[in-house]
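Undergrad: If it helps, the file is called upload-v4.csv and holds CSV, C-alpha atoms:
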chain,number,residue,atom,x,y,z
A,1,MET,CA,-8.2,-13.9,-1.9
A,2,ALA,CA,-10.3,-12.8,1.0
A,3,VAL,CA,-11.5,-9.3,0.6
A,4,ARG,CA,-10.9,-8.6,4.3
A,5,GLU,CA,-7.2,-9.5,4.1
A,6,GLY,CA,-6.8,-7.8,0.8
A,7,LEU,CA,-8.1,-4.5,2.2
A,8,LEU,CA,-5.8,-4.9,5.2
A,9,ALA,CA,-2.8,-5.4,2.9
A,10,LEU,CA,-3.7,-2.2,1.0
A,11,LEU,CA,-4.2,-0.3,4.2
A,12,HIS,CA,-0.8,-1.5,5.5
A,13,GLU,CA,0.7,0.8,2.7
A,14,GLY,CA,-1.1,3.8,4.2
A,15,PRO,CA,-4.5,5.2,4.9
A,16,ARG,CA,-7.1,5.0,2.1
A,17,TYR,CA,-10.7,5.9,1.6
A,18,GLY,CA,-13.3,3.2,0.5
A,19,TYR,CA,-13.5,3.8,-3.3
A,20,GLN,CA,-9.7,4.1,-3.4
A,21,LEU,CA,-9.5,0.6,-1.8
A,22,LYS,CA,-11.9,-0.7,-4.3
A,23,THR,CA,-9.9,0.4,-7.3
A,24,GLU,CA,-6.6,-0.6,-5.8
A,25,PHE,CA,-7.9,-4.0,-4.9
A,26,GLU,CA,-9.1,-4.6,-8.5
A,27,ALA,CA,-5.8,-3.4,-9.9
A,28,ALA,CA,-3.8,-5.6,-7.5
A,29,THR,CA,-5.8,-8.7,-8.6
A,30,GLY,CA,-5.5,-8.0,-12.3
A,31,GLY,CA,-9.1,-7.0,-12.6
A,32,VAL,CA,-10.3,-10.6,-12.0
A,33,TRP,CA,-12.0,-9.9,-8.7
A,34,PRO,CA,-14.2,-6.8,-9.2
A,35,LEU,CA,-15.6,-5.5,-5.9
A,36,ASN,CA,-18.8,-3.7,-5.3
A,37,VAL,CA,-18.1,-0.5,-3.3
A,38,GLY,CA,-20.8,-1.5,-0.9
A,39,GLN,CA,-18.9,-4.7,-0.2
A,40,VAL,CA,-15.8,-2.7,0.5
A,41,TYR,CA,-17.6,-0.4,3.0
A,42,THR,CA,-19.4,-3.4,4.7
A,43,THR,CA,-16.0,-5.1,5.1
A,44,LEU,CA,-14.4,-1.9,6.4
A,45,ASP,CA,-17.2,-1.6,9.0
A,46,ARG,CA,-16.5,-5.1,10.2
A,47,LEU,CA,-12.8,-4.4,10.3
A,48,GLU,CA,-13.5,-1.3,12.4
A,49,ARG,CA,-15.8,-3.2,14.7
A,50,ASP,CA,-13.1,-5.8,15.2
A,51,GLY,CA,-10.5,-3.2,16.0
A,52,LEU,CA,-8.4,-3.9,12.9
A,53,VAL,CA,-8.9,-0.5,11.2
A,54,GLU,CA,-9.8,2.9,12.5
A,55,VAL,CA,-11.7,5.7,10.8
A,56,ARG,CA,-10.0,9.1,10.3
A,57,GLY,CA,-11.8,12.1,9.0
A,58,VAL,CA,-10.2,13.9,6.0
A,59,GLU,CA,-10.1,17.7,5.8
A,60,GLY,CA,-9.5,19.0,2.4
A,61,GLU,CA,-10.9,20.8,-0.6
A,62,THR,CA,-11.9,17.7,-2.6
A,63,ALA,CA,-13.8,15.7,0.0
A,64,PRO,CA,-14.2,17.5,3.3
A,65,SER,CA,-16.4,14.8,4.9
A,66,GLN,CA,-14.8,11.7,3.4
A,67,LYS,CA,-13.8,8.9,5.7
A,68,THR,CA,-10.3,7.6,5.5
A,69,TYR,CA,-9.4,4.2,7.0
A,70,ALA,CA,-6.1,3.3,8.6
A,71,ILE,CA,-4.8,-0.1,9.8
A,72,THR,CA,-4.4,-0.5,13.6
A,73,VAL,CA,-1.7,-2.4,15.4
A,74,ASP,CA,-4.1,-5.3,15.8
A,75,GLY,CA,-4.8,-5.1,12.1
A,76,VAL,CA,-1.1,-5.3,11.3
A,77,ALA,CA,-0.9,-8.4,13.5
A,78,ALA,CA,-3.9,-10.0,11.8
A,79,LEU,CA,-2.4,-9.3,8.4
A,80,GLY,CA,0.9,-10.9,9.5
A,81,GLU,CA,-1.0,-14.0,10.6
A,82,TRP,CA,-2.7,-14.1,7.2
A,83,TRP,CA,0.7,-13.8,5.3
A,84,GLU,CA,2.0,-16.8,7.4
A,85,ALA,CA,-1.1,-19.0,7.2
A,86,VAL,CA,-1.0,-21.9,4.8
A,87,PRO,CA,-4.3,-22.8,3.1
A,88,SER,CA,-5.7,-26.0,4.4
A,89,ASP,CA,-6.6,-28.8,2.0
A,90,ASP,CA,-8.3,-31.0,4.6
A,91,PRO,CA,-11.2,-31.4,4.0
A,92,PRO,CA,-11.0,-30.4,0.3
A,93,PRO,CA,-12.4,-27.1,-0.6
A,94,ARG,CA,-15.9,-27.1,-2.1
A,95,ASP,CA,-15.2,-27.3,-5.7
A,96,GLU,CA,-18.0,-27.4,-8.3
A,97,LEU,CA,-16.2,-29.7,-10.6
A,98,MET,CA,-15.4,-32.2,-7.9
A,99,LEU,CA,-18.9,-32.1,-6.6
A,100,LYS,CA,-20.3,-32.6,-10.1
A,101,VAL,CA,-18.2,-35.7,-10.7
A,102,LEU,CA,-18.9,-37.2,-7.3
A,103,MET,CA,-22.6,-36.7,-7.7
A,104,ALA,CA,-22.4,-38.1,-11.2
A,105,ILE,CA,-20.8,-41.3,-9.9
A,106,GLU,CA,-23.8,-41.8,-7.6
A,107,ARG,CA,-26.0,-41.9,-10.8
A,108,GLY,CA,-23.8,-44.7,-12.2
A,109,ASP,CA,-20.5,-45.1,-13.9
A,110,ASP,CA,-21.8,-44.5,-17.5
A,111,HIS,CA,-23.3,-41.2,-16.4
A,112,ALA,CA,-20.1,-40.3,-14.6
A,113,LEU,CA,-18.0,-41.0,-17.7
A,114,ARG,CA,-20.3,-38.9,-19.8
A,115,VAL,CA,-20.0,-36.0,-17.3
A,116,ILE,CA,-16.2,-36.4,-17.2
A,117,THR,CA,-16.0,-36.4,-21.0
A,118,HIS,CA,-18.1,-33.3,-21.3
A,119,GLN,CA,-16.2,-31.4,-18.5
A,120,ARG,CA,-12.9,-32.4,-20.2
A,121,THR,CA,-14.0,-31.0,-23.5
A,122,VAL,CA,-15.1,-27.7,-21.9
A,123,LEU,CA,-11.8,-27.5,-19.9
A,124,LEU,CA,-9.7,-28.1,-23.0
A,125,THR,CA,-11.5,-25.3,-24.9
A,126,LEU,CA,-11.0,-23.0,-21.9
A,127,LEU,CA,-7.3,-24.0,-21.6
A,128,GLN,CA,-6.7,-23.2,-25.2
A,129,ALA,CA,-8.3,-19.8,-24.8
A,130,ARG,CA,-6.3,-19.1,-21.6
A,131,ARG,CA,-3.0,-20.1,-23.4
A,132,LYS,CA,-3.9,-17.9,-26.3
A,133,GLU,CA,-4.5,-15.0,-23.8
A,134,ARG,CA,-1.2,-15.7,-22.2
A,135,ARG,CA,0.6,-15.5,-25.6
A,136,ALA,CA,-1.2,-12.3,-26.6
A,137,ALA,CA,-0.7,-10.6,-23.2
A,138,GLY,CA,1.7,-7.8,-24.3
A,139,ASP,CA,1.7,-4.9,-21.8
A,140,GLU,CA,-0.7,-6.5,-19.3
A,141,SER,CA,0.1,-5.9,-15.6
A,142,LEU,CA,2.1,-8.5,-13.8
A,143,ALA,CA,-1.0,-9.2,-11.7
A,144,ALA,CA,-3.1,-9.9,-14.8
A,145,ARG,CA,-0.4,-12.2,-16.2
A,146,LEU,CA,-0.1,-14.1,-12.9
A,147,VAL,CA,-3.8,-14.6,-12.8
A,148,THR,CA,-3.9,-16.0,-16.3
A,149,ASP,CA,-1.0,-18.3,-15.4
A,150,ALA,CA,-2.9,-19.5,-12.3
A,151,LEU,CA,-6.0,-20.1,-14.4
A,152,VAL,CA,-4.0,-22.2,-16.9
A,153,ALA,CA,-2.4,-24.2,-14.1
A,154,ARG,CA,-5.8,-24.8,-12.5
A,155,ALA,CA,-7.3,-26.0,-15.8
A,156,GLU,CA,-4.3,-28.3,-16.4
A,157,ALA,CA,-4.7,-29.7,-12.8
A,158,ASP,CA,-8.5,-30.2,-13.3
A,159,LEU,CA,-7.8,-32.1,-16.6
A,160,ARG,CA,-5.3,-34.4,-14.8
A,161,TRP,CA,-7.9,-35.0,-12.0
A,162,LEU,CA,-10.6,-35.9,-14.6
A,163,ASP,CA,-8.2,-38.3,-16.2
A,164,THR,CA,-7.6,-39.9,-12.8
A,165,CYS,CA,-11.3,-40.2,-12.2
A,166,GLU,CA,-11.8,-41.8,-15.5
A,167,GLU,CA,-9.0,-44.3,-14.9
A,168,HIS,CA,-10.5,-45.3,-11.5
A,169,LEU,CA,-14.0,-45.7,-13.0
A,170,GLN,CA,-12.7,-47.9,-15.9
A,171,ARG,CA,-10.6,-50.1,-13.6
A,172,ARG,CA,-13.4,-50.6,-11.1
A,173,PRO,CA,-14.9,-54.1,-11.0
A,174,ALA,CA,-18.4,-54.3,-12.4
A,175,SER,CA,-19.8,-55.3,-8.9
A,176,ALA,CA,-18.5,-52.0,-7.4
A,177,THR,CA,-20.3,-50.0,-10.0
A,178,SER,CA,-22.9,-47.8,-8.4
A,179,ALA,CA,-26.3,-47.8,-10.0
A,180,PRO,CA,-28.7,-45.0,-9.7
A,181,THR,CA,-31.0,-45.2,-6.7
A,182,THR,CA,-34.5,-44.0,-7.0
A,183,ALA,CA,-37.3,-43.8,-4.5
A,184,SER,CA,-39.2,-46.5,-6.3
A,185,SER,CA,-36.3,-49.0,-6.4
A,186,THR,CA,-35.6,-48.3,-2.7
A,187,SER,CA,-39.3,-49.0,-1.8
A,188,THR,CA,-39.3,-52.1,-4.0
A,189,ARG,CA,-36.2,-53.4,-2.1
A,190,LYS,CA,-37.8,-52.7,1.2
A,191,ALA,CA,-41.1,-54.5,0.2
A,192,SER,CA,-39.2,-57.6,-0.9
A,193,ARG,CA,-37.6,-58.1,2.5
Would you mind writing the file's structure down as structure tokens?
TA:
Amino acid sequence: MAVREGLLALLHEGPRYGYQLKTEFEAATGGVWPLNVGQVYTTLDRLERDGLVEVRGVEGETAPSQKTYAITVDGVAALGEWWEAVPSDDPPPRDELMLKVLMAIERGDDHALRVITHQRTVLLTLLQARRKERRAAGDESLAARLVTDALVARAEADLRWLDTCEEHLQRRPASATSAPTTASSTSTRKASR
């Protein structure tokens, strides 16, 4: 979730001050995405600069000089566009697991298979822990339960992808196997030409 759009969504419910936005954002995301209050104010400054929020002063006993932020008409339109936007998968998002496997393949199939096996073991352990959390979640907020469900689904999808990678590597002809390239082997090949 983009912090920018998350803050706009909260402001759509009514004016808020910075720290209130921080705590409500964290509650809405099940506590999974903690925010630094400085990040909130930096984002609010950018939103104000872009005309998506406006600052309103608050007069009152508790915080006479505290700024309150409100969404503008342009902010409502930008939020509406975000609600309607579909995340793009082309090109694939930068994903550490994907990058790790692709780089491991460059070092050779045996290395790649070792990396895949290690990652699978770690993911299975993580998946078991997430499933246990899900069963133990008694009075957790709906947001926290949904986040746990998303983490379980993502781990299951990553495991399926690792299985697919392993299948492709094992079915690949030996001539297609990439061997690690080093600077010395590259210079040796150039010298033999």
Undergrad: Out of A:Leu21, A:Glu166, A:Asp139, A:Val55, which residue has the shortest atom-to-atom distance to Ala9 (chain A) when counting all atoms listed in the file?
TA: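 Nearest candidate to Ala9 (chain A) out of A:Leu21, A:Glu166, A:Asp139, A:Val55: A:Leu21.
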Undergrad: Could you please determine the separation between CA of Arg4 (chain A) and CA of Ser141 (chain A) in Å, to one decimal place?
TA: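 Separation between CA of Arg4 (chain A) and CA of Ser141 (chain A): 22.9 Å.
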Undergrad: Got a sec: who's within 12 Å of Asp45 (chain A), counting all atoms listed in the file, leaving out chain neighbours fewer than 2 positions off, as a ChimeraX atom specification?
TA: /A:4,7,18,38-43,47-55,67,69
Undergrad: Using all atoms listed in the file, which of A:Asp109, A:Glu156, A:Asp149, A:Glu81 sits nearest Arg135 (chain A)?
TA: A:Asp149
Undergrad: Distance CA of Arg114 (chain A)-CA of Glu133 (chain A), one decimal place?
TA: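 CA of Arg114 (chain A) sits 28.9 Å away from CA of Glu133 (chain A).
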Undergrad: Interatomic distance between CA of Leu162 (chain A) and CA of Arg120 (chain A)?
TA: 7.0 Å
